[in-house]
Each structure stands twice: as structure tokens, then as C-alpha cells.
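Shown here: target-v2.cif, mmCIF, C-alpha atoms.
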```cif
data_input
#
loop_
_atom_site.label_atom_id
_atom_site.label_comp_id
_atom_site.auth_asym_id
_atom_site.auth_seq_id
_atom_site.Cartn_x
_atom_site.Cartn_y
_atom_site.Cartn_z
CA MET A 1 16.32 -6.24 2.21
CA THR A 2 15.31 -6.32 5.86
CA ASN A 3 17.50 -5.78 8.86
CA ALA A 4 17.43 -6.97 12.45
CA PHE A 5 15.67 -3.77 13.57
CA ASP A 6 12.80 -4.27 11.11
CA THR A 7 12.44 -7.96 11.84
CA TYR A 8 12.51 -7.55 15.62
CA PHE A 9 10.08 -4.64 15.84
CA TYR A 10 7.80 -6.04 13.16
CA GLN A 11 7.42 -9.30 15.08
CA LEU A 12 7.09 -7.49 18.40
CA ILE A 13 4.26 -5.26 17.15
CA ASN A 14 2.57 -7.75 14.83
CA GLN A 15 2.78 -10.88 16.98
CA ARG A 16 3.44 -10.08 20.64
CA LEU A 17 1.90 -6.70 21.50
CA THR A 18 -1.55 -7.82 20.39
CA ALA A 19 -5.03 -8.20 21.84
CA ASP A 20 -8.41 -9.06 20.36
CA TRP A 21 -9.86 -5.62 21.14
CA LEU A 22 -6.77 -3.98 19.66
CA ASP A 23 -7.09 -6.05 16.48
CA PHE A 24 -10.44 -4.43 15.76
CA LEU A 25 -9.13 -0.91 16.43
CA MET A 26 -5.99 -1.35 14.34
CA VAL A 27 -7.92 -2.70 11.35
CA LYS A 28 -10.25 0.29 11.57
CA ALA A 29 -7.35 2.77 12.00
CA SER A 30 -5.74 1.31 8.87
CA ASP A 31 -8.92 1.68 6.80
CA LYS A 32 -8.78 4.94 4.84
CA TYR A 33 -12.58 5.15 4.61
CA VAL A 34 -13.02 5.21 8.40
CA TRP A 35 -11.48 8.68 8.44
CA ILE A 36 -14.01 10.30 6.07
CA PRO A 37 -16.11 11.72 8.96
CA LEU A 38 -12.95 13.29 10.42
CA TYR A 39 -12.14 14.87 7.06
CA CYS A 40 -15.67 16.30 6.90
CA VAL A 41 -15.32 17.81 10.39
CA VAL A 42 -11.91 19.25 9.46
CA ILE A 43 -13.33 20.84 6.30
CA TRP A 44 -16.18 22.31 8.34
CA HIS A 45 -13.64 23.79 10.83
CA LEU A 46 -11.52 25.10 7.95
CA ILE A 47 -14.54 26.89 6.47
CA ALA A 48 -15.44 28.33 9.88
CA LYS A 49 -11.90 29.57 10.55
CA PHE A 50 -10.53 30.45 7.10
CA GLY A 51 -13.61 31.17 4.97
CA ARG A 52 -12.73 31.61 1.31
CA LYS A 53 -9.14 30.46 1.88
CA THR A 54 -10.49 26.95 2.50
CA LEU A 55 -10.51 26.08 -1.21
CA LEU A 56 -6.88 27.15 -1.51
CA ILE A 57 -6.00 25.16 1.63
CA LEU A 58 -7.71 22.07 0.24
CA LEU A 59 -5.94 22.55 -3.09
CA PHE A 60 -2.53 22.59 -1.40
CA VAL A 61 -3.40 19.67 0.89
CA GLY A 62 -4.44 17.79 -2.26
CA ILE A 63 -1.14 18.65 -3.92
CA SER A 64 0.75 17.40 -0.86
CA LEU A 65 -1.17 14.11 -1.11
CA VAL A 66 -0.38 13.74 -4.80
CA ILE A 67 3.31 14.38 -4.11
CA SER A 68 3.52 11.98 -1.15
CA ASP A 69 1.45 9.25 -2.78
CA ARG A 70 3.09 9.41 -6.20
CA PHE A 71 6.59 9.46 -4.72
CA THR A 72 5.95 6.44 -2.49
CA SER A 73 3.75 4.42 -4.85
CA GLY A 74 5.09 5.55 -8.20
CA VAL A 75 8.81 5.89 -7.48
CA LEU A 76 9.96 4.15 -4.30
CA LYS A 77 7.81 1.02 -4.23
CA PRO A 78 8.59 -0.07 -7.80
CA GLY A 79 12.15 1.24 -7.63
CA ILE A 80 13.11 -0.48 -4.39
CA GLY A 81 10.92 -3.55 -4.82
CA ARG A 82 10.91 -4.47 -1.14
CA VAL A 83 8.61 -7.38 -0.40
CA ARG A 84 5.99 -6.65 2.24
CA PRO A 85 6.37 -8.59 5.49
CA CYS A 86 2.98 -10.24 5.01
CA HIS A 87 4.53 -12.16 2.11
CA GLU A 88 7.56 -13.34 4.12
CA ALA A 89 6.70 -16.79 5.50
CA TYR A 90 9.79 -16.88 7.76
CA LEU A 91 8.33 -13.97 9.76
CA THR A 92 5.11 -15.92 10.43
CA PRO A 93 3.07 -12.77 9.86
CA ARG A 94 -0.23 -12.42 11.64
CA ILE A 95 -2.59 -11.02 9.00
CA LEU A 96 -5.89 -9.85 10.43
CA PRO A 97 -9.25 -10.47 8.77
CA ASP A 98 -10.32 -7.65 6.45
CA VAL A 99 -6.68 -6.64 5.86
CA THR A 100 -5.37 -6.98 2.32
CA CYS A 101 -1.72 -7.73 1.76
CA SER A 102 -0.94 -5.92 -1.46
CA ASP A 103 1.56 -7.20 -4.00
CA THR A 104 3.01 -3.71 -4.42
CA GLY A 105 6.30 -3.06 -2.69
CA GLY A 106 6.43 -2.13 0.95
CA MET A 107 9.01 0.64 0.96
CA ALA A 108 7.69 3.25 1.64
CA SER A 109 4.24 3.29 3.19
CA SER A 110 1.79 5.46 1.27
CA HIS A 111 -0.57 5.48 4.25
CA ALA A 112 2.19 6.96 6.39
CA ALA A 113 3.25 9.47 3.76
CA ASN A 114 -0.27 10.69 3.02
CA HIS A 115 -1.40 11.00 6.62
CA PHE A 116 1.77 12.75 7.74
CA ALA A 117 1.43 15.15 4.79
CA ILE A 118 -2.04 16.11 6.05
CA ALA A 119 -0.88 16.23 9.68
CA ILE A 120 2.09 18.51 9.04
CA PHE A 121 0.08 20.84 6.83
CA MET A 122 -2.62 21.15 9.51
CA ILE A 123 -0.06 21.67 12.28
CA LEU A 124 1.62 24.46 10.34
CA LEU A 125 -1.78 25.94 9.51
CA GLY A 126 -2.62 25.99 13.22
CA LEU A 127 -6.13 24.64 12.74
CA TYR A 128 -6.56 23.38 16.32
CA GLY A 129 -3.96 25.60 17.97
CA LYS A 130 -0.22 25.00 18.14
CA LYS A 131 0.18 22.57 21.05
CA ALA A 132 -3.19 20.83 20.94
CA GLY A 133 -3.06 20.64 17.16
CA MET A 134 0.41 19.15 17.21
CA VAL A 135 -0.60 16.49 19.73
CA PHE A 136 -3.79 15.66 17.86
CA TRP A 137 -2.34 15.49 14.33
CA LEU A 138 0.88 13.68 15.25
CA SER A 139 -1.05 11.16 17.37
CA TRP A 140 -3.51 10.55 14.53
CA ALA A 141 -0.82 10.03 11.87
CA SER A 142 1.28 7.89 14.24
CA LEU A 143 -1.71 5.69 15.06
CA ILE A 144 -2.22 5.01 11.37
CA CYS A 145 1.49 4.20 10.93
CA TYR A 146 1.45 1.86 13.93
CA SER A 147 -1.66 0.15 12.58
CA ARG A 148 0.10 -0.67 9.31
CA VAL A 149 2.81 -2.61 11.18
CA TYR A 150 0.30 -4.10 13.63
CA CYS A 151 -1.86 -5.34 10.75
CA GLY A 152 1.21 -6.99 9.22
CA VAL A 153 1.49 -5.11 5.93
CA HIS A 154 4.57 -2.92 6.57
CA TYR A 155 7.90 -3.00 8.33
CA PRO A 156 8.63 -0.21 10.84
CA THR A 157 11.12 1.46 8.48
CA ASP A 158 8.47 1.45 5.71
CA VAL A 159 6.23 3.67 7.83
CA LEU A 160 9.16 5.72 9.13
CA VAL A 161 10.34 6.58 5.61
CA GLY A 162 6.76 7.15 4.49
CA GLY A 163 6.19 9.48 7.43
CA LEU A 164 9.30 11.49 6.58
CA ILE A 165 8.16 11.82 2.97
CA GLY A 166 4.80 13.05 4.23
CA VAL A 167 6.47 15.59 6.52
CA ALA A 168 8.45 16.93 3.56
CA ALA A 169 5.41 17.03 1.25
CA GLY A 170 3.17 18.67 3.85
CA GLY A 171 5.82 21.24 4.78
CA LEU A 172 6.65 22.05 1.17
CA CYS A 173 3.00 22.50 0.23
CA PHE A 174 2.30 24.63 3.29
CA TYR A 175 5.16 26.87 2.18
CA GLY A 176 3.58 27.05 -1.27
CA TYR A 177 0.22 27.87 0.29
CA LYS A 178 1.70 30.72 2.35
CA LYS A 179 3.51 32.16 -0.67
CA THR A 180 0.28 32.03 -2.67
CA VAL A 181 -1.75 33.71 0.09
CA ASN A 182 0.88 36.45 0.33
CA LYS A 183 0.92 36.92 -3.44
CA LEU A 184 -2.90 37.18 -3.51
CA LYS A 185 -2.70 39.57 -0.52
CA TRP A 186 -5.31 37.63 1.45
CA GLU A 187 -5.49 38.43 5.12
#
```
Go ahead and express the file in the form of C-alpha cells.
Amino acid sequence: MTNAFDTYFYQLINQRLTADWLDFLMVKASDKYVWIPLYCVVIWHLIAKFGRKTLLILLFVGISLVISDRFTSGVLKPGIGRVRPCHEAYLTPRILPDVTCSDTGGMASSHAANHFAIAIFMILLGLYGKKAGMVFWLSWASLICYSRVYCGVHYPTDVLVGGLIGVAAGGLCFYGYKKTVNKLKWE
């Protein structure tokens, strides 16, 4: 179920646009636990800027993550059944140390969906300003998406579709957050 686009760009990113120093960075960018300090800083900034609304914000961000993760992992991956590129010998995938090639399907990337859900919610919230926030959050989510292809575990369209799902989940949940704030009459 791959096409020439996926094959070409997968091999370009995974096998040709590589460097030893970049290997280390991409493995770290792909590791969900590396981002825990960032999440702690974000929560601290949320508390400083939004006070008591922070719990509601975190609730809706959590809902967006459940939606994006369950849709990609619970619906698309088993429904589509696309084999990850790291299991396709004809692609000669370059799998980096400390990277696990899951047996779950590849379409769509849960990493991409989840991180874009957070990014879009934070952009719409305006946590770090409109322009600076957009650059920061989109760069962060895009780096994670790129790392998934670089590390050999997803095709480019896997992360593209995952990112779009995350955009939808983050936007939908931000809308729900705003409606809730208005209903509670919080300023």
C-alpha cells in the first residue's frame, strides 16, 4: 500500500539525509519521555497566564490526545493494516539503535497526531503569542514528525495523515474549551 512518493521520500530522509549527530537528535526527538520537561514548563506557563482555567485547559488537551490517539491507534492502524517501512526489507530501512519498530500498523502516526493536537490547541490558546507561538509549536510538532520518518518507523504520508488528525482534534477540543469557558462565564 505504498506509492512512489512515500518510497522516494522515505528513502531520502531515512537513508540519504543522515548524519551521526543528527541520528542522536532524531532518536531523542522521537522519544516521548524527552518532552516531559517541556510539558512541565508549559503547565507552569499555563498556570501563570490562565490561573484556575489551567485545569480546564489540561482537561481539553487531554481529550484532544485521547481523540487523536484512539482514532489513529484504535481505528486507522488496525483498519488499514499498513505495514511500517521498518518491516519492508526491499526499502533497506536504516533503523537506529534505541528505536523500536512496532508491529502495529503505520497509517497513521500517533506521534504526529498527538503532538499536532497539542500544538494546534496551544496555538489557538495563544500561550506564547500568535506568531512566536505558531512558529514554536509547528516547528516542535514537525520535528517530531520528521524524526519518525528519519528513524525509519513511518512513511511520510503516515505522519502527514497523523498530523492532520491532530490538527482536527486540537481544533475541535479548543472549540469545546472556548464554549465551556463561555458557558461558565470565566473571564
Proximity of segment 140-167 of chain A to segment 21-35 of chain A: per-residue shortest pair, 12 Å limit, all atoms listed in the file, as a tab-separated table:
```
residue	atom	partner	partner_atom	distance
A:Trp140	CA	A:Ala29	CA	9.0
A:Ala141	CA	A:Ala29	CA	9.8
A:Ser142	CA	A:Ala29	CA	10.3
A:Leu143	CA	A:Ala29	CA	7.0
A:Ile144	CA	A:Ala29	CA	5.6
A:Cys145	CA	A:Ser30	CA	8.1
A:Tyr146	CA	A:Met26	CA	8.1
A:Ser147	CA	A:Met26	CA	4.9
A:Arg148	CA	A:Ser30	CA	6.2
A:Val149	CA	A:Met26	CA	9.4
A:Tyr150	CA	A:Met26	CA	6.9
A:Cys151	CA	A:Val27	CA	6.6
A:Gly152	CA	A:Val27	CA	10.3
A:Val153	CA	A:Ser30	CA	10.1
A:His154	CA	A:Ser30	CA	11.4
```
I need the residue set behind the PyMOL selection byres ((chain A and resi 119) around 10) for this file; please write it as a PyMOL selection string. chain A and resi 61+113-118+120-125+133-134+136-142+166-167+170-171
Measure the distance from atom CA of Gly163 of chain A to atom CA of Ala112 of chain A in Å and round it to one decimal.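 Going from atom CA of Gly163 of chain A over to atom CA of Ala112 of chain A, I get 4.8 Å.
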One decimal, Å: what's the distance from atom CA of Ala169 of chain A over to atom CA of Ile63 of chain A, could you say?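 Atom CA of Ala169 of chain A sits 8.5 Å away from atom CA of Ile63 of chain A.
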Just give me the gap between atom CA of Ser102 of chain A and atom CA of Ser64 of chain A in Å, one decimal is fine.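 We find that atom CA of Ser102 of chain A and atom CA of Ser64 of chain A lie 23.4 Å from each other.
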What lies within 8 Å of Thr7 of chain A using only C-alpha atoms, ignoring chain neighbours under 4 positions off, as a CSV table (one decimal) with C-alpha atoms, in the coordinates of the input?
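Wrote out_29.csv, looks like this:
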```
chain,number,residue,atom,x,y,z
A,2,THR,CA,15.3,-6.3,5.9
A,3,ASN,CA,17.5,-5.8,8.9
A,11,GLN,CA,7.4,-9.3,15.1
A,91,LEU,CA,8.3,-14.0,9.8
A,155,TYR,CA,7.9,-3.0,8.3
```
Might you spell out which residues the PyMOL selection byres ((chain A and resi 53) around 12) would select in the displayed file, as a list in words? Ile43, Leu46, Ile47, Ala48, Lys49, Phe50, Gly51, Arg52, Thr54, Leu55, Leu56, Ile57, Leu58, Leu59, Phe60, Leu125, Tyr177, Lys178, Thr180, Val181, Asn182, Leu184, Lys185, Trp186 and Glu187 of chain A
Could you tell me which of A:Ser110, A:Thr104, A:Lys183, A:Pro97 comes closest to Asp20 of chain A if we count only C-alpha atoms?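 Using only C-alpha atoms, the shortest distance to Asp20 of chain A belongs to A:Pro97.
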Report as AutoDock Vina command-line options the centre and the edge lengths, in Å to one decimal, of the axis-aligned box holding every listed atom of segment 32-36 of chain A, padded by 4 Å on each side.
```
--center_x -11.4 --center_y 7.6 --center_z 6.5 --size_x 13.2 --size_y 13.4 --size_z 11.8
```
Expand the PyMOL selection byres ((chain A and resi 76) around 10) into the individual residues it matches in the shown file, reporting them as an MDAnalysis selection string. chainID A and resid 70:75 77:82 105:110 162
Restricting the calculation to all atoms listed in the file: of A:Gln15, A:Tyr8, A:Tyr175, A:Tyr128, which residue gets closest to Pro93 of chain A?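 Smallest separation from Pro93 of chain A among the options: A:Gln15.
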So which one's closest to Leu164 of chain A, A:Ala4, A:His111, A:Asp98, A:Thr92? Using only C-alpha atoms, please. A:His111
Option closest in space to Cys86 of chain A, from A:Val161, A:Lys131, A:Asn14, A:Cys173 [counting only C-alpha atoms]: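 Closest to Cys86 of chain A, using only C-alpha atoms: A:Asn14.
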